[in-house]
Every structure is written in structure tokens, then in C-alpha cells.
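J.: Please find input.txt (compact mmCIF, C-alpha atoms) on the next line:
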```
# COMPACT_ATOMS: atom_id res chain seq x y z
CA MET A 1276 0.00 0.00 0.00
CA ALA A 1277 1.35 3.44 -0.90
CA LEU A 1278 2.28 5.86 1.87
CA VAL A 1279 0.45 9.16 1.37
CA GLY A 1280 0.62 12.44 3.24
CA ASN A 1281 1.60 16.08 3.07
CA LEU A 1282 5.13 17.48 3.42
CA LYS A 1283 3.90 20.01 5.95
CA ASP A 1284 3.20 17.07 8.30
CA LEU A 1285 6.09 14.72 7.49
CA LYS A 1286 9.58 15.92 6.60
CA LEU A 1287 11.14 14.64 3.38
CA ALA A 1288 14.44 13.98 5.19
CA ASN A 1289 12.66 11.37 7.33
CA ILE A 1290 11.05 9.74 4.28
CA VAL A 1291 14.43 9.54 2.52
CA GLN A 1292 16.10 8.09 5.62
CA LEU A 1293 13.40 5.45 6.09
CA ASN A 1294 13.41 4.30 2.45
CA CYS A 1295 17.20 4.17 2.18
CA MET A 1296 17.75 2.38 5.48
CA GLU A 1297 15.07 -0.18 4.67
CA ARG A 1298 16.57 -0.57 1.16
CA ASN A 1299 13.16 -0.05 -0.44
CA GLU A 1300 12.74 0.03 -4.19
CA ALA A 1301 10.24 2.87 -4.37
CA VAL A 1302 9.42 6.27 -5.78
CA PHE A 1303 8.47 9.34 -3.74
CA ILE A 1304 6.22 11.76 -5.66
CA VAL A 1305 5.27 15.26 -4.48
CA GLU A 1306 2.96 17.54 -6.42
CA THR A 1307 2.60 21.26 -5.86
CA ARG A 1308 0.77 23.82 -8.00
CA LYS A 1309 4.08 24.74 -9.62
CA VAL A 1310 6.01 21.48 -9.99
CA THR A 1311 6.11 17.70 -9.61
CA GLY A 1312 9.11 16.16 -7.86
CA LYS A 1313 10.11 12.49 -7.92
CA ILE A 1314 12.81 10.67 -5.96
CA TYR A 1315 13.59 7.04 -6.80
CA PHE A 1316 15.07 4.80 -4.09
CA SER A 1317 17.04 1.67 -4.96
CA GLU A 1318 19.56 -0.56 -3.16
CA GLY A 1319 19.67 1.64 -0.05
CA ASN A 1320 20.35 4.91 -1.87
CA ILE A 1321 18.75 7.62 -4.00
CA ALA A 1322 19.21 6.46 -7.59
CA HIS A 1323 17.41 9.13 -9.58
CA ALA A 1324 15.37 12.31 -9.05
CA THR A 1325 13.46 14.78 -11.16
CA CYS A 1326 11.90 18.13 -10.28
CA GLY A 1327 10.15 19.68 -13.26
CA ALA A 1328 12.81 19.72 -15.99
CA THR A 1329 15.70 19.33 -13.53
CA GLU A 1330 17.20 15.94 -12.65
CA GLY A 1331 19.95 14.45 -10.51
CA ASP A 1332 21.38 16.01 -7.30
CA GLU A 1333 19.93 19.45 -8.10
CA ALA A 1334 16.43 17.95 -8.32
CA VAL A 1335 16.81 16.48 -4.81
CA TYR A 1336 17.88 19.89 -3.44
CA GLN A 1337 14.85 21.53 -5.08
CA ILE A 1338 12.47 18.89 -3.69
CA LEU A 1339 13.98 19.27 -0.20
CA ALA A 1340 13.06 22.97 -0.33
CA ILE A 1341 9.34 22.19 -0.88
CA LYS A 1342 7.66 22.96 2.42
CA GLU A 1343 4.21 21.59 1.70
CA GLY A 1344 2.34 19.58 -0.89
CA PRO A 1345 0.62 16.20 -1.11
CA PHE A 1346 2.99 13.26 -1.60
CA ARG A 1347 2.86 9.52 -2.05
CA VAL A 1348 5.46 6.76 -1.89
CA GLU A 1349 4.85 3.90 -4.32
CA ASN A 1350 6.69 0.68 -3.54
CA ASN A 1351 8.28 -1.74 -6.03
CA VAL A 1352 8.93 0.95 -8.64
CA ALA A 1353 12.36 0.75 -10.27
CA PRO A 1354 14.24 3.94 -11.27
CA PRO A 1355 14.01 4.60 -15.05
CA LYS A 1356 17.72 5.59 -15.01
CA ARG A 1357 20.54 6.40 -12.59
CA SER A 1358 21.34 10.12 -12.33
CA ILE A 1359 22.70 10.20 -8.74
CA ASN A 1360 25.84 8.55 -7.43
CA VAL A 1361 26.24 10.42 -4.13
CA PRO A 1362 25.35 8.64 -0.83
CA TRP A 1363 21.90 9.67 0.41
CA SER A 1364 23.22 11.07 3.71
CA ASN A 1365 25.61 13.44 1.86
CA LEU A 1366 22.77 14.60 -0.41
CA LEU A 1367 20.54 15.32 2.58
CA MET A 1368 23.25 17.21 4.48
CA GLU A 1369 24.12 19.34 1.45
CA GLY A 1370 20.44 20.02 0.69
CA LEU A 1371 19.66 21.06 4.25
CA ARG A 1372 22.77 23.27 4.35
CA MET A 1373 21.58 25.02 1.18
CA ILE A 1374 18.12 25.56 2.72
CA ASP A 1375 19.71 27.10 5.85
CA GLU A 1376 21.80 29.42 3.66
CA ALA A 1377 18.75 30.44 1.63
CA MET A 1378 16.79 31.18 4.82
CA GLU A 1379 19.65 33.26 6.16
CA ALA A 1380 19.84 35.17 2.85
CA LYS A 1381 16.05 35.74 2.95
CA GLY A 1382 16.28 37.01 6.53
CA GLU A 1383 18.97 39.52 5.56
CA ALA A 1384 17.02 40.55 2.47
CA VAL A 1385 13.85 41.09 4.52
CA GLY A 1386 15.80 43.40 6.86
CA LYS A 1387 17.30 45.41 3.99
CA PHE A 1388 14.01 45.67 2.09
CA THR A 1389 12.15 46.82 5.23
CA LYS A 1390 14.78 49.50 5.89
CA ASP A 1391 14.50 50.81 2.32
CA ILE A 1392 10.72 50.65 1.92
CA LYS A 1393 9.93 52.40 5.21
CA ASN A 1394 11.87 55.40 3.91
CA VAL A 1395 9.61 55.68 0.85
CA ASN A 1396 7.36 58.73 1.11
CA GLY A 1397 3.95 57.89 2.61
CA VAL A 1398 4.79 54.45 4.02
CA GLN A 1399 3.53 54.31 7.60
CA ALA A 1400 3.99 50.66 8.53
CA VAL A 1401 5.60 47.52 7.12
CA LEU A 1402 4.59 43.93 7.85
CA ILE A 1403 6.01 40.81 6.21
CA THR A 1404 4.27 37.55 7.05
CA SER A 1405 4.66 33.92 6.09
CA LYS A 1406 1.88 31.90 4.46
CA GLN A 1407 1.12 30.48 7.90
CA GLY A 1408 0.73 33.98 9.42
CA GLU A 1409 4.09 34.12 11.21
CA ILE A 1410 5.64 37.58 11.47
CA MET A 1411 8.95 37.88 9.60
CA THR A 1412 9.29 41.59 10.23
CA GLU A 1413 7.09 44.41 11.55
CA GLU A 1414 7.54 48.16 11.77
CA ASN A 1415 4.85 50.34 13.41
CA VAL A 1416 2.24 47.57 13.22
CA SER A 1417 -0.41 47.42 15.94
CA SER A 1418 -1.76 44.01 17.07
CA GLY A 1419 1.02 42.36 15.06
CA LYS A 1420 0.08 38.70 15.52
CA ARG A 1421 -3.59 39.30 14.73
CA THR A 1422 -2.84 41.52 11.74
CA ALA A 1423 -0.30 38.97 10.44
CA ALA A 1424 -2.89 36.16 10.57
CA ALA A 1425 -5.43 38.41 8.85
CA MET A 1426 -2.99 39.31 6.05
CA ALA A 1427 -2.04 35.64 5.51
CA PHE A 1428 -5.78 34.85 5.33
CA ILE A 1429 -6.42 37.70 2.90
CA THR A 1430 -3.49 36.71 0.65
CA ARG A 1431 -4.80 33.14 0.37
CA LYS A 1432 -8.18 34.57 -0.66
CA ILE A 1433 -6.63 36.99 -3.17
CA GLU A 1434 -4.76 34.09 -4.79
CA LYS A 1435 -7.95 32.01 -4.85
CA ILE A 1436 -9.84 34.90 -6.50
CA GLY A 1437 -7.07 35.06 -9.12
CA ARG A 1438 -7.46 31.36 -9.95
CA ALA A 1439 -11.28 31.46 -10.05
CA SER A 1440 -11.30 34.57 -12.25
CA LYS A 1441 -8.57 33.14 -14.53
CA SER A 1442 -6.47 36.23 -13.81
CA GLY A 1443 -3.21 34.38 -13.15
CA VAL A 1444 -0.61 34.94 -10.45
CA PHE A 1445 -1.17 37.70 -7.88
CA LYS A 1446 1.35 40.54 -8.16
CA PHE A 1447 0.22 43.65 -6.31
CA GLY A 1448 -2.92 44.98 -4.66
CA ILE A 1449 -4.28 48.15 -3.13
CA VAL A 1450 -7.08 48.11 -0.59
CA ALA A 1451 -8.55 51.50 0.19
CA GLY A 1452 -10.33 52.30 3.42
CA LYS A 1453 -12.00 55.55 4.42
CA ASN A 1454 -8.87 56.93 6.09
CA ASP A 1455 -5.96 54.87 4.86
CA LYS A 1456 -4.74 52.42 2.25
CA LYS A 1457 -2.79 49.21 2.29
CA ALA A 1458 -0.50 47.92 -0.44
CA ILE A 1459 -0.20 44.13 -0.60
CA ALA A 1460 2.35 42.10 -2.58
CA LYS A 1461 3.77 38.60 -2.64
CA TRP A 1462 7.41 37.75 -1.95
CA GLY A 1463 7.75 34.06 -2.74
CA ASP A 1464 5.33 32.41 -0.30
CA ASP A 1465 5.37 35.46 1.98
CA THR A 1466 3.18 38.56 1.99
CA ILE A 1467 4.33 42.17 2.18
CA THR A 1468 1.77 44.59 3.61
CA LEU A 1469 2.43 48.32 3.66
CA SER A 1470 0.15 50.81 5.39
CA ILE A 1471 0.30 53.98 3.33
CA ASP A 1472 -1.11 57.49 3.51
CA ALA A 1473 -2.21 59.98 0.85
CA LYS A 1474 1.42 61.07 0.19
CA ALA A 1475 2.41 57.62 -1.09
CA SER A 1476 2.75 57.04 -4.81
CA VAL A 1477 1.19 53.70 -5.66
CA GLU A 1478 3.32 53.48 -8.84
CA ILE A 1479 6.58 53.92 -6.90
CA LEU A 1480 5.52 51.32 -4.31
CA GLU A 1481 4.54 48.87 -7.03
CA GLN A 1482 7.92 49.31 -8.71
CA SER A 1483 9.72 48.89 -5.36
CA VAL A 1484 8.02 45.61 -4.51
CA GLU A 1485 8.50 44.33 -8.07
CA LYS A 1486 12.25 44.53 -7.43
CA VAL A 1487 12.05 42.75 -4.09
CA ASP A 1488 13.71 39.53 -5.32
CA SER A 1489 16.83 41.48 -6.21
CA TYR A 1490 17.41 41.90 -2.46
CA ILE A 1491 18.22 38.18 -2.33
CA HIS A 1492 19.91 37.73 -5.70
CA ARG A 1493 22.19 40.76 -5.38
CA GLY A 1494 22.58 40.62 -1.61
CA GLY A 1495 20.47 43.73 -1.05
CA GLY A 1496 20.17 47.22 -2.47
CA GLY A 1497 17.32 46.55 -4.85
CA GLN A 1498 16.60 50.25 -5.39
CA MET B 1430 -29.41 46.67 -12.64
CA LYS B 1431 -28.28 44.60 -15.62
CA ASP B 1432 -28.20 47.72 -17.80
CA LYS B 1433 -25.63 49.26 -15.42
CA LEU B 1434 -23.51 46.12 -15.65
CA GLU B 1435 -23.83 46.21 -19.44
CA GLU B 1436 -22.39 49.75 -19.43
CA ILE B 1437 -19.46 48.62 -17.30
CA ASN B 1438 -18.88 45.56 -19.48
CA SER B 1439 -18.70 47.75 -22.58
CA ILE B 1440 -15.53 49.50 -21.31
CA ASN B 1441 -12.41 48.44 -23.17
CA GLY B 1442 -10.51 45.85 -21.10
CA VAL B 1443 -13.45 44.78 -18.90
CA LYS B 1444 -14.06 41.01 -19.11
CA THR B 1445 -17.22 41.02 -17.02
CA SER B 1446 -18.79 42.51 -13.92
CA PHE B 1447 -21.36 41.30 -11.45
CA VAL B 1448 -23.11 42.20 -8.25
CA PHE B 1449 -23.11 39.91 -5.25
CA PHE B 1450 -25.54 40.34 -2.37
CA ASN B 1451 -24.81 39.24 1.20
CA ASP B 1452 -27.55 36.61 0.98
CA GLY B 1453 -25.63 34.84 -1.82
CA GLU B 1454 -27.50 36.05 -4.90
CA VAL B 1455 -25.31 36.91 -7.90
CA VAL B 1456 -26.55 39.26 -10.63
CA PHE B 1457 -24.69 39.48 -13.94
CA ASP B 1458 -25.42 40.68 -17.44
CA LYS B 1459 -23.33 38.27 -19.49
CA LEU B 1460 -20.31 36.13 -18.72
CA PRO B 1461 -17.22 35.53 -20.88
CA SER B 1462 -16.94 32.15 -22.60
CA GLY B 1463 -15.68 29.37 -20.33
CA PHE B 1464 -16.89 31.29 -17.29
CA ASP B 1465 -19.96 30.04 -15.45
CA PRO B 1466 -22.08 31.34 -12.54
CA ASP B 1467 -20.27 28.94 -10.17
CA ASN B 1468 -17.05 30.89 -10.81
CA CYS B 1469 -18.91 34.09 -9.87
CA MET B 1470 -20.12 32.49 -6.63
CA GLU B 1471 -16.58 31.34 -5.74
CA ILE B 1472 -15.11 34.77 -6.42
CA ALA B 1473 -17.94 36.54 -4.63
CA LYS B 1474 -17.62 34.47 -1.46
CA ASP B 1475 -13.87 35.03 -1.29
CA VAL B 1476 -14.29 38.75 -1.93
CA VAL B 1477 -16.86 39.02 0.87
CA GLN B 1478 -14.51 37.12 3.20
CA VAL B 1479 -11.71 39.58 2.38
CA SER B 1480 -14.08 42.48 3.18
CA ALA B 1481 -15.20 40.78 6.38
CA MET B 1482 -11.60 40.26 7.46
CA PHE B 1483 -10.83 43.95 6.96
CA ASP B 1484 -13.99 44.75 8.95
CA ARG B 1485 -12.50 42.66 11.78
CA LEU B 1486 -9.34 44.76 11.61
CA ALA B 1487 -11.58 47.84 11.95
CA THR B 1488 -10.57 49.09 8.50
CA PRO B 1489 -13.74 48.90 6.40
CA LEU B 1490 -12.91 49.17 2.71
CA SER B 1491 -14.26 51.38 -0.04
CA GLU B 1492 -12.38 49.72 -2.90
CA PHE B 1493 -9.88 47.01 -3.60
CA ASP B 1494 -7.78 46.49 -6.67
CA PHE B 1495 -5.84 43.25 -7.16
CA LYS B 1496 -3.40 42.99 -10.05
CA TYR B 1497 -2.43 39.59 -11.44
CA ASP B 1498 -0.10 38.72 -14.30
CA THR B 1499 -2.95 38.28 -16.81
CA GLY B 1500 -5.85 40.09 -15.18
CA ARG B 1501 -7.10 42.58 -12.65
CA VAL B 1502 -9.97 42.29 -10.15
CA ILE B 1503 -11.50 45.50 -8.82
CA VAL B 1504 -14.16 45.45 -6.13
CA PHE B 1505 -16.44 48.19 -4.86
CA PRO B 1506 -17.79 46.90 -1.54
CA ASN B 1507 -20.94 48.20 0.12
CA SER B 1508 -22.55 47.04 3.32
CA ASN B 1509 -25.09 44.73 1.68
CA PHE B 1510 -23.66 44.14 -1.78
CA ASN B 1511 -20.40 44.15 -3.73
CA LEU B 1512 -19.81 45.25 -7.30
CA ILE B 1513 -17.01 43.14 -8.79
CA VAL B 1514 -15.26 43.95 -12.06
CA LEU B 1515 -12.93 41.45 -13.79
CA CYS B 1516 -10.61 43.15 -16.26
CA LEU B 1517 -7.50 42.82 -18.35
CA PRO B 1518 -4.35 44.50 -16.97
CA THR B 1519 -4.72 47.16 -19.69
CA VAL B 1520 -8.17 48.42 -18.59
CA SER B 1521 -8.66 52.18 -18.42
CA ILE B 1522 -9.06 52.66 -14.69
CA SER B 1523 -10.21 56.28 -14.86
CA MET B 1524 -12.96 55.38 -17.35
CA LEU B 1525 -13.96 52.39 -15.22
CA ARG B 1526 -14.15 54.41 -11.99
CA LEU B 1527 -16.22 57.08 -13.70
CA THR B 1528 -18.70 54.54 -15.08
CA VAL B 1529 -18.88 52.62 -11.79
CA ASN B 1530 -19.48 55.81 -9.79
CA VAL B 1531 -22.36 56.72 -12.10
CA ALA B 1532 -23.74 53.18 -11.87
CA LEU B 1533 -23.52 53.17 -8.05
CA ALA B 1534 -25.21 56.59 -7.86
CA ASP B 1535 -27.99 55.32 -10.15
CA LEU B 1536 -28.44 52.26 -7.93
CA GLU B 1537 -28.77 54.57 -4.90
CA ASN B 1538 -31.82 56.08 -6.62
CA ASP B 1539 -33.17 52.80 -7.94
CA LYS B 1540 -36.21 52.02 -5.77
CA LYS B 1541 -36.39 48.37 -6.83
CA PHE B 1542 -32.71 47.86 -6.02
CA GLN B 1543 -32.98 49.65 -2.67
CA LYS B 1544 -36.02 47.54 -1.77
CA ARG B 1545 -34.00 44.42 -2.62
CA ILE B 1546 -31.12 45.56 -0.36
CA GLN B 1547 -33.41 46.36 2.54
CA LYS B 1548 -34.64 42.78 2.60
CA ILE B 1549 -31.13 41.49 3.24
CA GLU B 1550 -30.33 40.94 6.87
CA THR B 1551 -27.27 38.74 6.39
CA SER B 1552 -23.97 40.41 7.21
CA ARG B 1553 -20.57 39.83 5.61
CA ARG B 1554 -19.48 38.20 8.86
CA SER B 1555 -21.74 35.25 8.15
CA PHE B 1556 -19.35 34.24 5.34
CA LEU B 1557 -16.45 33.86 7.79
CA VAL B 1558 -17.46 30.40 8.92
CA LYS B 1559 -15.52 27.15 9.07
CA SER B 1560 -17.67 25.46 6.42
CA ASN B 1561 -16.64 28.12 3.87
CA MET B 1562 -12.88 27.44 3.98
CA ASP B 1563 -10.13 24.85 4.36
CA ALA B 1564 -8.63 23.98 7.76
CA GLU B 1565 -5.48 26.10 7.39
CA THR B 1566 -7.38 29.20 6.31
CA TRP B 1567 -9.88 28.69 9.14
CA ALA B 1568 -6.97 28.44 11.63
CA LEU B 1569 -5.84 31.90 10.51
CA ALA B 1570 -9.39 33.27 10.78
CA GLU B 1571 -9.62 31.95 14.34
CA ILE B 1572 -6.51 33.88 15.38
CA VAL B 1573 -8.15 37.08 14.15
CA ASN B 1574 -11.39 36.24 15.99
```
Translate the structure described by the file into C-alpha cells.
T.:
Amino acid sequence: MALVGNLKDLKLANIVQLNCMERNEAVFIVETRKVTGKIYFSEGNIAHATCGATEGDEAVYQILAIKEGPFRVENNVAPPKRSINVPWSNLLMEGLRMIDEAMEAKGEAVGKFTKDIKNVNGVQAVLITSKQGEIMTEENVSSGKRTAAAMAFITRKIEKIGRASKSGVFKFGIVAGKNDKKAIAKWGDDTITLSIDAKASVEILEQSVEKVDSYIHRGGGGQ
Amino acid sequence: MKDKLEEINSINGVKTSFVFFNDGEVVFDKLPSGFDPDNCMEIAKDVVQVSAMFDRLATPLSEFDFKYDTGRVIVFPNSNFNLIVLCLPTVSISMLRLTVNVALADLENDKKFQKRIQKIETSRRSFLVKSNMDAETWALAEIVN
């Protein structure tokens, strides 16, 4: 019987360890909205992996970075080819090291982006939250935990509206209240929320958040 | 009301528009091909939940504008109904706002429409219930409660 679950509940590292130690001949398959990842186990090691168009070691690293998504492990499936010759424990250690580095880079980038964006004319408050509603950074935000959960909720709904209306991937939003406005944007899986006043230029803010990825790729200074 | 929606739909870059009441009724003039009333219901419920969540944060909204890579969704929320416009990214926003403002003003003076609204007792909050969302989204809603 196939093992099924979700990566948010069971870590891939544990699944890899179990299948390699038990010398299972099996395939692990995870499917997200963006990509399908497959890891083939054979003779106590990882024999082959694919993630979208990528294969080999790099595919394993990409699959290790997937935080959530439904998966299944099908037993008695032989690898179609051998693309990996590194011991499974080395692959896991390298993959987890890369994830730690990426998280550290994201943390630094969040700090630099927040510092820059709060200096933009009209920006009153900055909040960056994870998909699960955890606060990554907050500046001048009242009721932070509650607001963070609300913004994570709202972002999920905005993305759902985009899918139902066949509008594609959410980029940037403005919600206008009677006295203030909020600008909302995605940064990977995270949400950026800016409270802005009448002095803020929506065009400048939109351009600023469009460049947000450059804070990671270039080590900051996306302006 | 459908004639107002027809005017909005005639603006260059507008795919469709519809009105959603808090009791669940959707009113539309015509829908684009491949788009059915169930899509409208899905969108409408999520839009009302977004409005309700902002109500909880004590920041009631007068407009929201979500930009996507191939489309744009603009919503004009009122206490008992929402006017939702689905557009292309290239829509003329100034023309749209002008037409919507005229349509909303006309609806204010439309006795039949006002009578319809007065009958509605359901609030936006009633859409923020567990049965309307998945477990993870509900967990977030509970924190805000």
C-alpha cells in the first residue's frame, strides 16, 4: 500500500532516511501547484530524481526545499535511469545546508528591504508575514500577531480569487479604506503589507516591490 | 441593474462585472466564454470574506484592486452588496471608476434595487465560517477572531 501524506506534516528527510535504510525500491512523488518532484530509491540509496525539468542532485535539493504539498510513496517501482551517485546522507546534508543558507539570505534581504521601503514617502507601517501567518518583520504595526494572521488569510483569498477569475498569479494589490490604504504584494510564499497614507505614490511602491527579489539575488540594495 | 452592468462591461478591457448580495444572490449581465455562474459564486464568497476580514481589523474598505499577471480584479464593496469587475491588466481605470461611480449613484436612486437591499439581513461576517474554507485558512481566521 502506498504511503500518502503532506510534506507540511512529514519531513522529506525522514522519508528519505526510512526508504534508504530499509533498502526499499520505491518512488516518492510530491505535487505542488508549480512542480512535480520524484525521488527514486534503490539498493539503499537515491538512484534518480526529477523536479520539473531538472534531474539528478539538483532535483533532490529543489524537492527538499518544498515545504508543503501532497505526496505519495509507491513501492516496487524501479528507477528509469541512474542520475545520482552520491550517498543519500551526503545529499541530505548538502540540501539542508543550502536551505539554511537560503533562509539566512532571505532574513537579511527582509531586513534590507524593510529598511528601504519604510523610507519611501507615505509608508507608515511595514509587515512581512509567512503563508502560515508568522511575522517575519514588523515596523509600526499594531496588534502584530492578529494583523499577520489576517494578512495571511487575505493573501490566500486573493490568490484564490485570481485562480477562479482566470487572472493568473497575484502581483500587487491596493485596498482602500476611508482613512488609509494598504498595499499588498507577494514575496515568494510570503506577503508584504504596507500601510500607506495619501502622500504615497502607488506606482513607486509597485515598482519597489517588483524589485524585491533582487534583495536576495544581489545581496540587497534593490533600489 | 443589468443595464448598469452592461455599461461597465462595454468599457475596453473589462471582461465582465457582477453584483453579489450578502444573501448569496449573484446578478450578472453576461459572462465571458468558459466562465460560469459557479465561478462568480466562488469569487464573490472570497471577496466578501476579504471584506469581512478587513472589517474585523476595523478598516472597512471602499475599494480594492488586485493585479495579477494576466488580469485585474476590482471590487467596490458596500454594506449589503459588492460590485465586482474582472478586467485585463490594460483596462482604463479612470474610465472604469467614472462609469462605476455613475452606476452606483444610479443604484442609490433605484427604488427596486434599494427595496431588494433592505430585505437582506445577512452580514458579511456570516461568510467567515468554518464550512466556507479549508482547515489552514480557518486556523488563521480563528486567530483574528
J.: Choose the residue, out of A:Arg1308, A:Lys1313, A:Lys1432, A:Lys1486, that has the smallest atom-to-atom separation from chain B; count all atoms listed in the file.
T.: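 So, comparing all the options, the nearest one is A:Lys1432.
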J.: What separation in Å, quoted to one decimal, exists between atom CA of A:Ala1427 and atom CA of A:Ile1403?
T.: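 These atoms are spaced 9.6 Å apart.
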J.: Return the single residue from A:Val1302, A:Ala1473, A:Ala1340, A:Val1401 that is closest to A:Ala1460, with distances computed using only C-alpha atoms.
T.: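 Looking at the shortest contact to A:Ala1460, the residue is A:Val1401.
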J.: Of the candidates A:Leu1287, A:Gly1437, A:Asp1488, A:Gln1482, which one gets nearest to B:Cys1516 if we count all atoms listed in the file?
T.: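 Of A:Leu1287, A:Gly1437, A:Asp1488, A:Gln1482, the one nearest B:Cys1516 is A:Gly1437, counting all atoms listed in the file.
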J.: Write out as a tab-separated table the residues of chain B that have any atom within 10 Å of an atom of chain A, one row each with the nearest atom pair and its distance in Å to one decimal, counting all atoms listed in the file, sorted by chain and then rising number.
T.:
```
residue	atom	partner	partner_atom	distance
B:Lys1444	CA	A:Ser1440	CA	9.8
B:Thr1445	CA	A:Ser1440	CA	10.0
B:Gly1463	CA	A:Lys1441	CA	9.9
B:Phe1464	CA	A:Ser1440	CA	8.2
B:Asp1467	CA	A:Ala1439	CA	9.3
B:Asn1468	CA	A:Ala1439	CA	5.8
B:Cys1469	CA	A:Ser1440	CA	8.0
B:Met1470	CA	A:Ala1439	CA	9.5
B:Glu1471	CA	A:Ala1439	CA	6.8
B:Ile1472	CA	A:Ile1436	CA	5.3
B:Ala1473	CA	A:Ile1436	CA	8.5
B:Lys1474	CA	A:Ile1436	CA	9.3
B:Asp1475	CA	A:Lys1432	CA	5.7
B:Val1476	CA	A:Ile1436	CA	7.5
B:Val1477	CA	A:Lys1432	CA	9.9
B:Gln1478	CA	A:Lys1432	CA	7.8
B:Val1479	CA	A:Ile1429	CA	5.6
B:Ser1480	CA	A:Ile1429	CA	9.0
B:Ala1481	CA	A:Ile1429	CA	9.9
B:Met1482	CA	A:Ala1425	CA	6.6
B:Phe1483	CA	A:Ala1425	CA	8.0
B:Arg1485	CA	A:Ala1425	CA	8.8
B:Leu1486	CA	A:Thr1422	CA	7.3
B:Ala1487	CA	A:Gly1452	CA	9.7
B:Thr1488	CA	A:Gly1452	CA	6.0
B:Pro1489	CA	A:Gly1452	CA	5.7
B:Leu1490	CA	A:Gly1452	CA	4.1
B:Ser1491	CA	A:Gly1452	CA	5.3
B:Glu1492	CA	A:Ala1451	CA	5.2
B:Phe1493	CA	A:Val1450	CA	4.3
B:Asp1494	CA	A:Ile1449	CA	5.2
B:Phe1495	CA	A:Gly1448	CA	4.2
B:Lys1496	CA	A:Phe1447	CA	5.2
B:Tyr1497	CA	A:Phe1445	CA	4.2
B:Asp1498	CA	A:Val1444	CA	5.4
B:Thr1499	CA	A:Ser1442	CA	5.1
B:Gly1500	CA	A:Ser1442	CA	4.1
B:Arg1501	CA	A:Ser1442	CA	6.5
B:Val1502	CA	A:Gly1437	CA	7.9
B:Ile1503	CA	A:Gly1448	CA	9.5
B:Val1504	CA	A:Val1450	CA	9.4
B:Phe1505	CA	A:Ala1451	CA	9.9
B:Leu1515	CA	A:Ser1440	CA	7.2
B:Cys1516	CA	A:Ser1442	CA	8.4
B:Leu1517	CA	A:Ser1442	CA	8.1
B:Pro1518	CA	A:Ser1442	CA	9.1
B:Met1562	CA	A:Lys1432	CA	9.7
B:Glu1565	CA	A:Gln1407	CA	7.9
B:Thr1566	CA	A:Phe1428	CA	6.0
B:Trp1567	CA	A:Phe1428	CA	8.3
B:Ala1568	CA	A:Ala1424	CA	8.8
B:Leu1569	CA	A:Ala1424	CA	5.2
B:Ala1570	CA	A:Phe1428	CA	6.7
B:Glu1571	CA	A:Ala1424	CA	8.8
B:Ile1572	CA	A:Arg1421	CA	6.2
B:Val1573	CA	A:Arg1421	CA	5.1
B:Asn1574	CA	A:Arg1421	CA	8.5
```
